[in-house]
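Everything below concerns the one structure shown next.
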Amino acid sequence: MLAYSLKKLLQLVVTTIGVVMLVFFAMRLIPGDAAAAMAGDTLSGAALERLRDQMGLNDPLLVQFWNFVRGLLVLDFGRTLTTNLPVSDLIRSAAPITLLIAIATIILAIAIAIPLGTVAAFMAHKGHKTLDNLITGLAMIIDLMPSFWTALVFLLIFSLTLGWFPASGPISWDDPYSIVMRLALPILVLSLSQVAILARMTRTAVLEVLSEDYVRTARAMGWSELRVLFRHALKNAALPIVTVVGLSFGNLLNGTIIVEAIFTIPGVGTVLINGINSRDYQLVQVLMIFYALLFVFINFATDILYRALDPRVKF
Amino acid sequence: MIHQGEITAPLLDVRNLRTEFATDGGTVRAVDDASFSIMPGERIAVVGESGSGKSAMAMSILRLLVYPGRVVAGDVLLEGTNIAQLSERQLNQLRGRSVGTVFQDPMSSLDPVMRISKQMTAPIMRNLGMNYKEAHAEAVEWLRKVGIPDPERRITAFPFEMSGGMRQRVMIAMALSCRPKLLIADEPTTALDVTIQAQIVEILKKLTSEANTAMMFITHDLGLVARLADKVAVMYAGRIVEFATVEEIFAAPCHPYTQSLLRTIPSPTALNTSRLPQIPGLPPDMKKAIQGCAFRERCRAATDICAREAPALTDRGASHVAACWQPEGLGSSPIDAQPDRALRRNDGPFRDRVIVEINNLNKHFVSSSFLSRTKRNVIRAVNGVSLRVRQGETLGIVGESGCGKSTLARLLLGLEKPSSGEIFTEGLTQMVFQDPASSFNPKMRIRSIIEEPLLVKRKGDWRTRQARVEELVKLVGLDEAHLDRFPGQLSGGQLQRIAVARALALEPSVVVADEPTSALDVSVRAQIINLLADLKQELGVAFVFISHDLLTVQYISDRIAVMYLGEVVEYGPADLVFNSPSHPYTKALIDAVPIPDPAREAKRASAVLKGELPSPLSEISGCTFATRCPLATEQCRTEKPKLRQHRKSREAACHYAK
Amino acid sequence: MSNTAITPPERADITRFFPVKTVMALRRNRFLSNSKMIGALLILAPLGLLILCAPLLPLQAPLQTNLMAMMQPPSLEHPFGTDRMGRDIFSRTLEGVKISLQVGLSVAALALVVGMLLGTLAGFFGGLIDRAIMVIVDIFMAFPSLLLAIGLIAVMGTGLVPVVMAIAIADIPRFIRLQRSLVLGLRTRAYIDAARTVHASQFWLMSRHIVPNSLAPMLVAASISAANAILVEASLSFLGLGIMPPAPSLGNLIREGQLYMEQAWWISTLPGVVILLIAISFHFLSDGMRQALDPRSRK
Ligand SMILES: Nc1ncnc2c1ncn2[C@@H]1O[C@H](COP(=O)(O)OP(=O)(O)O)[C@@H](O)[C@H]1O
Ligand code: SF4
Ligand code: SF4
Ligand SMILES: [Mg+2]
């Protein structure tokens with residue numbers, strides 16, 4: 001277990017270094033350079049050169065890279081071009097909102113998807129196809145609905161038509177009510193597709209376990225279907241489900257970018273899109289790394305959790 | 001219908017049971033109109049090939065079938081209660097408590113994430129009304145009874161920490177711990193090695209007779225039947241075709257299928273000088289409705305009525321029924337039209353020309369862990385093996401699983417590189433693999449499959465290659481119509497023939513066959529064995545025949561090498577090794593092989609080899625067999641015996657071989 | 001070599017098999033006898049037909065404005081209504097579908113080819129090549145896919161080609177992983193060993209045995225990837241980072257309609273339904289293929 005964790009940790013470090021390098025060097029590939037892209041047509045000649053100097057773009061590439069890495073290590077990410085605010089402040093205010101959305105969505109999705117998937121699997125196992133087909137069919141359709149479109153439809157129905165939730169407005173940590181009202185719809189929209197993915201995966205995992213020999217053994221020992229389901233099937237299916245939750249977290253992050261844009265929520269996604277639109281590549285690269293590390297870390301955590309749950313790998 | 005000698009009521013009475021699986025290709029009638037009964041304390045064996053419906057029948061009794069399986073008709077009376085009419089809840093009262101079950105695959109039959117203690121104590125607490133402490137003590141006691149060393153400690157283990165044999169013991173302990181009146185054991189030893197199988201069978205016999213537990217023992221091994229059953233039900237294509245006492249089944253079988261099966265097993269007694277009788281053809285496709293007698297296409301005694309109407313079970317003696325229109329079945333006529341050819345031993349002109357020589361061959365697999373590169377695990381898969389194969393002879397290699405047989409084969413073929421030692425071969429070495437299903441590229445037609453070696457070696461032009469392919473396919477007893485099929489469209493037996501054809505394409509001097517018959521149905525095995533024996537005689541090609549099945553190896557081989565933990569412990573002429581083994585391990589192996597003859601089985605001492613194979617990781621300084629050897633002395637534990645010639649043309653690695 | 005004494009074939013079963021031609025016909029029919037496949041065809045065929053025939057239909061051209069008919073709700077003349085410049089949403093949607101299909105198919109093809117190539121190299125040769133490829137795959141997979149596409153767009157700019165490239169690059173790592181695991185599974189098959197005993201070359205093993213046997217599952221993955229690419233392109237265009245107006249893509253159609261949700265619900269809603277239908281049909285296609293290509297998974 002320890003050896004495994006260390007190995008995974010090493011992998012995590014390698015990947016992190018790779019991510020930082022990839023982002024940094026990819027951003028240098030932008031035609032022209034960051035300064036020119038930022039300035040557009042407004043500056044020329046000497047002024048542009050000054051901006052380059054100011055941005056450190058005239059330093060050797062490796063020096064630039066070292067400065068960048070050092071900045072990351074001390075959490076000094078520089079300032080934004082448009083508003084001249086420290087990027088770290090921006091992240092500090094945006095990240096909690098994005099994380100809150102993500103965590104609430106995961107919890108909600110797990111709470112709905114696992115029972116749903118289990119029921120579908122149980123029905124399929126027993127040969128009652130109708131309910132199973134209904135659940136899997138719905139899950140597939142929901143999974144394939146473009147999330148921005150679902151969000152718009154929800155916005156149209158629940159905000160614009162029914163007026164249950166405000167479509168815009170400030171989000172303040174001092175006002176929990178505003179948070180709940182503003183984040184309810186985005187979380188709902190994101191949960192829908194997460195539920196769809198997780199329910200399908202749960203169904204697959206549970207269905208597979210239900211046809212295992214040890215489930216038959218449990219039945220042959222006279223245990224009731226419910227006990228077989230809870231004590232044996234779900235416990236064993238938990239392992240693959242944990243992995244899927246980790247992997248679908250990437251999907252979830254994708255989704256937050258979109259719902260933040262639609263529901264005008266000042267999360268990391270909104271900062272990112274604004275950064276791209278204003279060609280603030282310093283900002284963009286920091287945010288890319290933020291997302292990647294979050295995702296990598298979640299997967300590291302689920303890997304470790306998987307190992308911890310499975311007695312077969314404790315040596 | 002079935003006569004019972006005793007007056008007591010039967011424990012289990014199955015009447016006209018019919019079970020179906022709804023599949024895409026059609027409805028499979030897995031059990032058709034099965035009727036039989038089991039008396040208290042009686043041991044019934046159910047024999048039949050895979051797919052004949054044995055498991056489906058066993059599962060139907062307790063209604064344990066899962067979708068798409070379904071019991072469609074029939075009654076099952078357990079002590080007079082009709083199980084078909086019970087609710088799920090009432091059924092759960094019977095399962096585990098009145099009827100215990102042990103399944104085939106011990107590796108997957110226990111919940112992998114639950115400790116043994118929990119899996120065992122819960123049913124005891126529920127069924128025997130004990131509290132946890134009592135149940136735990138009871139479970140430990142049962143583990144001791146089934147022969148698990150140090151049960152107090154082992155009970156806290158997870159299943160993955162135990163070997164297959166140990167897990168099967170746990171399953172048996174679990175099934176018997178609630179003191180059922182009937183134990184259903186579905187091929188409980190099929191996945192295990194012979195020595196472990198012998199131990200498990202001994203335990204089952206002992207424990208069931210102590211508690212007067214009846215047992216329904218499902219197997220495809222007639223030898224096991226002779227060893228433990230009181231009565232035998234023979235199944236074919238979903239039907240019980242014969243049911244009788246074990247003595248009658250072996251002494252006076254009535255159904256042509258039973259008769260044929262008994263004759264296709266190599267006899268362990270004398271030198272085998274004639275080819276094995278073989279049942280022609282294949283079992284029927286269960287997805288199609290079967291008209292008339294299901295066996296008729298393979299039956300030499302079939303007449304017109306057999307095609308029209310399925311025979312019912314009729315009386316053939318006091319407690320003997322069979323389902324065949326012919327009163328005597330085949331009688332004494334042979335089971336197929338094959339000429340009864342003499343099986344020549346290796347007496348050709350080349351007999352002493354050595355074409356493969358292996359000197360002090362080693363293959364060690366090293367796995368190092370991530371943290372400490374120094375703490376290395378070394379598996380000595382092949383350890384100092386020296387062997388010779390002579391032109392045109394068959395060398396049999398036997399040993400339990402994990403003893404290094406397959407690694408040796410792969411080394412011979414150059415698929416693995418030896419860690420040290422040398423292999424000299426004259427000519428090409430080719431291979432026939434165990435699993436026909438994965439031996440062929442499923443996307444290629446048989447024609448291209450046989451052609452592939454010729455193509456790789458650029459032998460001849462297209463026309464000569466085609467001619468060669470057609471010649472080869474005939475040589476292995478198939479015809480050109482098979483060449484345009486895909487592997488998925490042929491049966492296992494046919495595929496093994498194709499494998500032989502492919503192996504012979506480049507005219508090799510040696511063909512290594514690694515368990516070529518173990519994935520095949522019993523009734524098809526003899527066909528492949530005969531084919532190999534014929535080819536050896538006709539082509540003068542040498543075979544290395546690897547198998548865990550001693551009777552078959554003994555039948556087909558000129559010489560035998562017995563392997564244990566990567567080493568050859570005995571080597572010599574087949575009949576001599578088999579009839580007067582020099583090494584204690586060889587003797588134990590032979591003792592463990594069940595012989596399809598109840599009289600001989602009854603007389604045999606149950607001299608069961610104790611213990612299990614030591615871990616391949618452990619380093620043993622003395623004799624590798626010392627941990628299990630009944631003759632082991634202090635010298636054995638410290639000094640390693642070398643393989644040496646102790647008698648004319650015989651070698652053994654034992655200090656005390658004479 | 002005479003074969004007189006050798007066992008006759010198992011005659012009983014020779015007659016049991018169909019002539020080879022019939023078997024092939026049945027195999028082909030498996031594609032059609034499979035309801036998912038039919039479902040996919042039922043959606044894709046009319047859509048394809050519509051796109052091809054669009055110029056012949058009495059529809060307003062996708063880019064043509066009509067200030068006399070702005071923000072019209074769906075009607076016979078404008079099945080999906082019109083937008084704020086009086087453009088016909090239906091013909092714009094058809095144009096968008098064309099782009100969606102282009103993106104979906106190109107991404108799937110790119111990912112399939114590159115994924116098979118690199119995955120086969122990694123799985124077959126192992127060692128350093130494998131490790132190098134997998135480290136890079138891991139790095140790319142560290143990014144949530146949409147985010148990676150966004151980042152790549154930031155680097156490469158917007159437009160059809162960058163969008164295809166961005167989505168494909170985000171998808172390729174998954175194909176490499178899949179192909180690699182398929183190869184690892186196939187590499188230990190006995191038929192590979194059989195070929196190795198006659199000293200077949202590495203290239204022989206790969207081209208004859210490994211690639212043909214991994215193709216079926218990879219094609220299944222490719223059609224899922226097509227559905228996914230269509231969704232990602234729509235998301236990118238929606239965020240203003242994909243196909244840029246005035247060229248219509250389903251994503252930017254919805255983006256344009258977003259501002260008028262209250263007054264003109266149809267502008268955003270109806271193209272969304274079309275995206276959903278296309279995505280579903282590609283999923284049906286993959287399910288259908290899985291069933292048709294793998295007889296074991298038939299239920
Ligand atoms: N889950 C299943 N689905 C479809 N057919 C099955 C299933 N299980 C068993 N069968 C069919 O039922 C028949 C009897 O099988 P089984 O009872 O397992 O035989 P045995 O135990 O003698 O090997 C076979 O033809 C087999 O193919
Ligand atoms: S003689 Fe007829 S009824 Fe008897 S086994 Fe042969 S075919 Fe069946
Ligand atoms: S050397 Fe000793 S332990 Fe080894 S087989 Fe002979 S008697 Fe047994
Ligand atoms: Mg069975």
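Residues in the structure tokens are numbered from 1 in each chain, the chains being A, B, ... in the order shown, and ligands are numbered from 1 in the order shown.
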
For chain B against ligand 4, with a cut-off of 10 Å and counting only C-alpha atoms and all ligand atoms, what is the closest atom pair and its distance in Å to one decimal for every residue that makes the cut, ordered by chain and number, as JSON lines?
```
{"residue": "B:Gly48", "atom": "CA", "partner": "ligand 4", "partner_atom_place_in_ligand_line": "1 (Mg)", "distance": 9.2}
{"residue": "B:Glu49", "atom": "CA", "partner": "ligand 4", "partner_atom_place_in_ligand_line": "1 (Mg)", "distance": 8.5}
{"residue": "B:Ser50", "atom": "CA", "partner": "ligand 4", "partner_atom_place_in_ligand_line": "1 (Mg)", "distance": 6.0}
{"residue": "B:Gly51", "atom": "CA", "partner": "ligand 4", "partner_atom_place_in_ligand_line": "1 (Mg)", "distance": 6.8}
{"residue": "B:Ser52", "atom": "CA", "partner": "ligand 4", "partner_atom_place_in_ligand_line": "1 (Mg)", "distance": 8.2}
{"residue": "B:Gly53", "atom": "CA", "partner": "ligand 4", "partner_atom_place_in_ligand_line": "1 (Mg)", "distance": 7.2}
{"residue": "B:Lys54", "atom": "CA", "partner": "ligand 4", "partner_atom_place_in_ligand_line": "1 (Mg)", "distance": 5.7}
{"residue": "B:Ser55", "atom": "CA", "partner": "ligand 4", "partner_atom_place_in_ligand_line": "1 (Mg)", "distance": 4.3}
{"residue": "B:Ala56", "atom": "CA", "partner": "ligand 4", "partner_atom_place_in_ligand_line": "1 (Mg)", "distance": 7.4}
{"residue": "B:Met57", "atom": "CA", "partner": "ligand 4", "partner_atom_place_in_ligand_line": "1 (Mg)", "distance": 9.4}
{"residue": "B:Ala58", "atom": "CA", "partner": "ligand 4", "partner_atom_place_in_ligand_line": "1 (Mg)", "distance": 9.0}
{"residue": "B:Met59", "atom": "CA", "partner": "ligand 4", "partner_atom_place_in_ligand_line": "1 (Mg)", "distance": 9.9}
{"residue": "B:Phe103", "atom": "CA", "partner": "ligand 4", "partner_atom_place_in_ligand_line": "1 (Mg)", "distance": 8.9}
{"residue": "B:Gln104", "atom": "CA", "partner": "ligand 4", "partner_atom_place_in_ligand_line": "1 (Mg)", "distance": 7.6}
{"residue": "B:Asp186", "atom": "CA", "partner": "ligand 4", "partner_atom_place_in_ligand_line": "1 (Mg)", "distance": 6.6}
{"residue": "B:Glu187", "atom": "CA", "partner": "ligand 4", "partner_atom_place_in_ligand_line": "1 (Mg)", "distance": 6.9}
{"residue": "B:Thr190", "atom": "CA", "partner": "ligand 4", "partner_atom_place_in_ligand_line": "1 (Mg)", "distance": 9.9}
{"residue": "B:Ile218", "atom": "CA", "partner": "ligand 4", "partner_atom_place_in_ligand_line": "1 (Mg)", "distance": 7.9}
{"residue": "B:Thr219", "atom": "CA", "partner": "ligand 4", "partner_atom_place_in_ligand_line": "1 (Mg)", "distance": 8.1}
{"residue": "B:His220", "atom": "CA", "partner": "ligand 4", "partner_atom_place_in_ligand_line": "1 (Mg)", "distance": 9.0}
```

Residue list (alpha helix (DSSP H), DSSP) for range 18-196 of chain C, as a ChimeraX atom specification: /C:20-32,35-53,89-125,127-141,145-156,160-187,190-196

Strand (DSSP E or B) per DSSP on the backbone: members of range 137-250 of chain B, as a list in words: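 Put together, the selection reads Leu182, Leu183, Ile184, Ala185, Asp186, Ala214, Met215, Met216, Phe217, Ile218, Thr219, Lys231, Val232, Ala233, Val234, Met235, Tyr236, Arg239, Ile240, Val241, Glu242, Phe243, Ala244 and Thr245 of chain B.
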
Export of prior selection with N, CA and C atoms as a PDB file, in the first residue's frame:
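Contents of selection-v9.pdb, freshly written:
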```pdb
ATOM      1  N   LEU B 182     -28.490 -32.557   2.745  1.00  0.00           N
ATOM      2  CA  LEU B 182     -28.015 -32.867   1.397  1.00  0.00           C
ATOM      3  C   LEU B 182     -26.927 -31.873   1.025  1.00  0.00           C
ATOM      4  N   LEU B 183     -25.856 -32.403   0.446  1.00  0.00           N
ATOM      5  CA  LEU B 183     -24.803 -31.524  -0.052  1.00  0.00           C
ATOM      6  C   LEU B 183     -24.761 -31.659  -1.566  1.00  0.00           C
ATOM      7  N   ILE B 184     -24.901 -30.530  -2.253  1.00  0.00           N
ATOM      8  CA  ILE B 184     -24.763 -30.556  -3.703  1.00  0.00           C
ATOM      9  C   ILE B 184     -23.384 -30.021  -4.037  1.00  0.00           C
ATOM     10  N   ALA B 185     -22.569 -30.841  -4.689  1.00  0.00           N
ATOM     11  CA  ALA B 185     -21.212 -30.410  -5.019  1.00  0.00           C
ATOM     12  C   ALA B 185     -21.054 -30.440  -6.527  1.00  0.00           C
ATOM     13  N   ASP B 186     -20.948 -29.260  -7.133  1.00  0.00           N
ATOM     14  CA  ASP B 186     -20.889 -29.157  -8.583  1.00  0.00           C
ATOM     15  C   ASP B 186     -19.441 -29.088  -9.037  1.00  0.00           C
ATOM     16  N   ALA B 214     -26.503 -36.755   2.751  1.00  0.00           N
ATOM     17  CA  ALA B 214     -26.566 -37.240   1.371  1.00  0.00           C
ATOM     18  C   ALA B 214     -25.769 -36.289   0.496  1.00  0.00           C
ATOM     19  N   MET B 215     -25.271 -36.809  -0.620  1.00  0.00           N
ATOM     20  CA  MET B 215     -24.476 -35.934  -1.483  1.00  0.00           C
ATOM     21  C   MET B 215     -24.819 -36.166  -2.937  1.00  0.00           C
ATOM     22  N   MET B 216     -24.953 -35.052  -3.641  1.00  0.00           N
ATOM     23  CA  MET B 216     -25.097 -35.119  -5.092  1.00  0.00           C
ATOM     24  C   MET B 216     -23.808 -34.553  -5.646  1.00  0.00           C
ATOM     25  N   PHE B 217     -22.990 -35.413  -6.244  1.00  0.00           N
ATOM     26  CA  PHE B 217     -21.654 -35.036  -6.666  1.00  0.00           C
ATOM     27  C   PHE B 217     -21.615 -34.983  -8.184  1.00  0.00           C
ATOM     28  N   ILE B 218     -21.397 -33.776  -8.710  1.00  0.00           N
ATOM     29  CA  ILE B 218     -21.405 -33.609 -10.165  1.00  0.00           C
ATOM     30  C   ILE B 218     -19.988 -33.637 -10.680  1.00  0.00           C
ATOM     31  N   THR B 219     -19.765 -34.388 -11.741  1.00  0.00           N
ATOM     32  CA  THR B 219     -18.404 -34.485 -12.263  1.00  0.00           C
ATOM     33  C   THR B 219     -18.441 -34.952 -13.703  1.00  0.00           C
ATOM     34  N   LYS B 231     -24.578 -44.349  -6.231  1.00  0.00           N
ATOM     35  CA  LYS B 231     -25.362 -44.467  -7.455  1.00  0.00           C
ATOM     36  C   LYS B 231     -24.900 -43.424  -8.453  1.00  0.00           C
ATOM     37  N   VAL B 232     -25.212 -43.671  -9.720  1.00  0.00           N
ATOM     38  CA  VAL B 232     -24.727 -42.790 -10.770  1.00  0.00           C
ATOM     39  C   VAL B 232     -25.861 -42.434 -11.716  1.00  0.00           C
ATOM     40  N   ALA B 233     -25.954 -41.140 -12.016  1.00  0.00           N
ATOM     41  CA  ALA B 233     -26.853 -40.711 -13.084  1.00  0.00           C
ATOM     42  C   ALA B 233     -25.985 -40.213 -14.230  1.00  0.00           C
ATOM     43  N   VAL B 234     -26.206 -40.744 -15.422  1.00  0.00           N
ATOM     44  CA  VAL B 234     -25.440 -40.305 -16.590  1.00  0.00           C
ATOM     45  C   VAL B 234     -26.317 -39.360 -17.392  1.00  0.00           C
ATOM     46  N   MET B 235     -25.791 -38.170 -17.682  1.00  0.00           N
ATOM     47  CA  MET B 235     -26.583 -37.203 -18.450  1.00  0.00           C
ATOM     48  C   MET B 235     -26.009 -37.024 -19.842  1.00  0.00           C
ATOM     49  N   TYR B 236     -26.888 -36.863 -20.793  1.00  0.00           N
ATOM     50  CA  TYR B 236     -26.466 -36.538 -22.154  1.00  0.00           C
ATOM     51  C   TYR B 236     -27.492 -35.588 -22.750  1.00  0.00           C
ATOM     52  N   ARG B 239     -30.681 -34.858 -20.776  1.00  0.00           N
ATOM     53  CA  ARG B 239     -31.496 -35.953 -20.250  1.00  0.00           C
ATOM     54  C   ARG B 239     -30.661 -36.898 -19.400  1.00  0.00           C
ATOM     55  N   ILE B 240     -31.321 -37.502 -18.410  1.00  0.00           N
ATOM     56  CA  ILE B 240     -30.674 -38.593 -17.704  1.00  0.00           C
ATOM     57  C   ILE B 240     -30.857 -39.823 -18.578  1.00  0.00           C
ATOM     58  N   VAL B 241     -29.746 -40.382 -19.074  1.00  0.00           N
ATOM     59  CA  VAL B 241     -29.901 -41.510 -19.983  1.00  0.00           C
ATOM     60  C   VAL B 241     -29.707 -42.848 -19.278  1.00  0.00           C
ATOM     61  N   GLU B 242     -29.056 -42.794 -18.109  1.00  0.00           N
ATOM     62  CA  GLU B 242     -28.901 -44.037 -17.366  1.00  0.00           C
ATOM     63  C   GLU B 242     -28.751 -43.709 -15.893  1.00  0.00           C
ATOM     64  N   PHE B 243     -29.328 -44.556 -15.040  1.00  0.00           N
ATOM     65  CA  PHE B 243     -29.256 -44.327 -13.604  1.00  0.00           C
ATOM     66  C   PHE B 243     -29.163 -45.700 -12.947  1.00  0.00           C
ATOM     67  N   ALA B 244     -28.101 -45.927 -12.181  1.00  0.00           N
ATOM     68  CA  ALA B 244     -27.928 -47.253 -11.588  1.00  0.00           C
ATOM     69  C   ALA B 244     -26.939 -47.172 -10.444  1.00  0.00           C
ATOM     70  N   THR B 245     -26.759 -48.275  -9.762  1.00  0.00           N
ATOM     71  CA  THR B 245     -25.738 -48.306  -8.725  1.00  0.00           C
ATOM     72  C   THR B 245     -24.381 -48.246  -9.406  1.00  0.00           C
TER      73      THR B 245
END
```

Can you work out the spacing between CA of Leu63 in chain C and CA of Trp266 in chain C in Å, to one decimal?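 One can read the CA of Leu63 in chain C to CA of Trp266 in chain C distance as 17.9 Å.
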
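With CA of Met444 in chain B on one side and CA of Thr429 in chain B on the other, the separation reads 23.2 Å.
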
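Shell of range 132-134 of chain B at 10 Å, with only C-alpha atoms counted and residues fewer than 6 places along the chain excluded, is Lys118, Thr121, Ala122, Ile124, Met125 and Val140 of chain B.
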
Point-to-point distance in Å for CA of Gln93 in chain B and CA of Leu128 in chain B: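 CA of Gln93 in chain B lies 11.7 Å from CA of Leu128 in chain B.
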
I need the contact residues of chain A against chain C, so if you could list those with any atom within 6 Å, counting only C-alpha atoms, and return them as a PyMOL selection string, that would help. chain A and resi 15+18-19+30+145-146+149+250+254+292+296

Output file for the selection above: all heavy atoms, as a CSV table (one decimal), in the first residue's frame:
```csv
chain,number,residue,atom,x,y,z
A,15,THR,N,3.6,14.0,-13.7
A,15,THR,CA,2.6,14.5,-14.5
A,15,THR,C,2.5,16.0,-14.3
A,15,THR,O,2.3,16.8,-15.2
A,15,THR,CB,1.2,13.9,-14.2
A,15,THR,OG1,1.4,12.5,-14.2
A,15,THR,CG2,0.1,14.3,-15.1
A,18,GLY,N,5.1,17.8,-16.1
A,18,GLY,CA,4.7,17.7,-17.5
A,18,GLY,C,3.6,18.7,-17.8
A,18,GLY,O,3.7,19.5,-18.9
A,19,VAL,N,2.6,18.8,-17.0
A,19,VAL,CA,1.5,19.8,-17.2
A,19,VAL,C,2.1,21.2,-17.3
A,19,VAL,O,1.8,22.0,-18.2
A,19,VAL,CB,0.5,19.6,-16.1
A,19,VAL,CG1,-0.4,20.9,-16.1
A,19,VAL,CG2,-0.3,18.4,-16.3
A,30,ILE,N,2.1,30.6,-29.5
A,30,ILE,CA,1.1,31.5,-30.0
A,30,ILE,C,1.8,32.5,-31.0
A,30,ILE,O,2.8,33.0,-30.8
A,30,ILE,CB,0.4,32.4,-28.9
A,30,ILE,CG1,-0.3,31.4,-28.0
A,30,ILE,CG2,-0.5,33.4,-29.5
A,30,ILE,CD1,-0.9,32.1,-26.8
A,145,MET,N,-27.2,15.1,-23.8
A,145,MET,CA,-27.7,16.5,-24.0
A,145,MET,C,-26.6,17.4,-23.8
A,145,MET,O,-25.9,17.4,-22.8
A,145,MET,CB,-28.8,16.8,-23.1
A,145,MET,CG,-30.1,16.0,-23.4
A,145,MET,SD,-31.6,16.5,-22.6
A,145,MET,CE,-31.2,16.5,-20.9
A,146,PRO,N,-26.3,18.3,-24.8
A,146,PRO,CA,-25.3,19.3,-24.5
A,146,PRO,C,-25.6,20.1,-23.3
A,146,PRO,O,-26.7,20.6,-23.1
A,146,PRO,CB,-25.3,20.2,-25.8
A,146,PRO,CG,-26.3,19.6,-26.7
A,146,PRO,CD,-27.1,18.6,-26.0
A,149,TRP,N,-26.9,23.6,-23.5
A,149,TRP,CA,-28.3,23.6,-24.0
A,149,TRP,C,-29.3,23.3,-22.8
A,149,TRP,O,-30.2,24.0,-22.6
A,149,TRP,CB,-28.5,22.6,-25.1
A,149,TRP,CG,-29.9,22.6,-25.7
A,149,TRP,CD1,-30.5,23.5,-26.5
A,149,TRP,CD2,-30.8,21.5,-25.5
A,149,TRP,NE1,-31.7,23.1,-26.8
A,149,TRP,CE2,-32.0,21.9,-26.2
A,149,TRP,CE3,-30.8,20.3,-24.8
A,149,TRP,CZ2,-33.1,21.1,-26.2
A,149,TRP,CZ3,-31.9,19.5,-24.8
A,149,TRP,CH2,-33.1,19.9,-25.5
A,250,GLY,N,-13.6,15.0,-14.4
A,250,GLY,CA,-13.1,15.8,-15.5
A,250,GLY,C,-14.3,16.4,-16.2
A,250,GLY,O,-14.3,17.6,-16.5
A,254,ASN,N,-15.4,20.3,-16.8
A,254,ASN,CA,-15.9,20.8,-18.1
A,254,ASN,C,-17.2,21.6,-18.0
A,254,ASN,O,-17.4,22.7,-18.4
A,254,ASN,CB,-16.1,19.7,-19.1
A,254,ASN,CG,-14.8,19.1,-19.6
A,254,ASN,OD1,-13.7,19.7,-19.5
A,254,ASN,ND2,-14.8,17.9,-20.0
A,292,ALA,N,-6.0,21.4,-14.2
A,292,ALA,CA,-5.3,20.1,-14.4
A,292,ALA,C,-4.9,19.5,-13.1
A,292,ALA,O,-5.1,18.4,-12.8
A,292,ALA,CB,-4.1,20.3,-15.3
A,296,VAL,N,-6.0,16.0,-11.6
A,296,VAL,CA,-5.0,15.0,-11.3
A,296,VAL,C,-5.0,14.6,-9.8
A,296,VAL,O,-5.0,13.4,-9.5
A,296,VAL,CB,-3.6,15.5,-11.6
A,296,VAL,CG1,-2.5,14.6,-11.1
A,296,VAL,CG2,-3.4,15.7,-13.1
```

Output the neighbourhood of ligand 2 as a PyMOL selection string, that is, all protein and nucleic acid residues with some atom at most 12 Å from the ligand, counting only C-alpha atoms and all ligand atoms. chain B and resi 236-237+239-242+253-260+290-314+322-331+335

Point out the residue among A:Phe263, A:Phe297, A:Trp173, A:Trp223 with the least atom-to-atom distance to chain B, counting only C-alpha atoms.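 Looking only at the distances to chain B, the closest residue turns out to be A:Trp223.
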
Report as a ChimeraX atom specification the set of chain B residues whose atoms approach chain C to within 8 Å, with distances computed over only C-alpha atoms. /B:23-24,280-282,297,338,413-415,429-431,433,438-443,452-453,456-457,474-479,484-485,494,527,531,534,538-539

Around ligand 3, out to 7 Å and counting only C-alpha atoms and all ligand atoms, which residues are there? I want them as a list in words.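 Sorted by chain and then by number, the residues are His583, Pro584, Tyr585, Cys623, Thr624, Phe625, Ala626, Cys629, Pro630, Leu631, Ala632, Thr633, Cys636, Arg637, Pro641, Ala653, Cys654, His655, Tyr656 and Ala657 of chain B.
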
Define the interface residues of chain A facing chain B as those within 6 Å, counting only C-alpha atoms, and report them as a PyMOL selection string. chain A and resi 3+126-127+213-214+220-222

Do a neighbour search on Thr195 in chain B at 8 Å with only C-alpha atoms, toss out local chain neighbours closer than 2 positions, and write the hits as number ranges by chain. B: 193, 197-199, 588-589, 592-593, 608-609

For the selection you just gave me, I'd like the residues written to a file as a short mmCIF file (atom, residue, chain, number, x, y, z; two decimals), in the first residue's frame, keeping C-alpha atoms.
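In the end it all went to result.cif:
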```
data_model
loop_
_atom_site.label_atom_id
_atom_site.label_comp_id
_atom_site.auth_asym_id
_atom_site.auth_seq_id
_atom_site.Cartn_x
_atom_site.Cartn_y
_atom_site.Cartn_z
CA ASP B 193 -4.70 -30.78 -9.01
CA GLN B 197 -8.50 -33.51 -5.55
CA ALA B 198 -7.78 -36.75 -3.75
CA GLN B 199 -7.61 -34.92 -0.42
CA ALA B 588 1.73 -40.37 -4.79
CA LEU B 589 0.55 -38.93 -8.08
CA ALA B 592 -4.18 -39.97 -6.42
CA VAL B 593 -5.47 -40.70 -9.91
CA VAL B 608 -3.40 -39.45 0.22
CA LEU B 609 -0.44 -37.16 -0.21
#
```
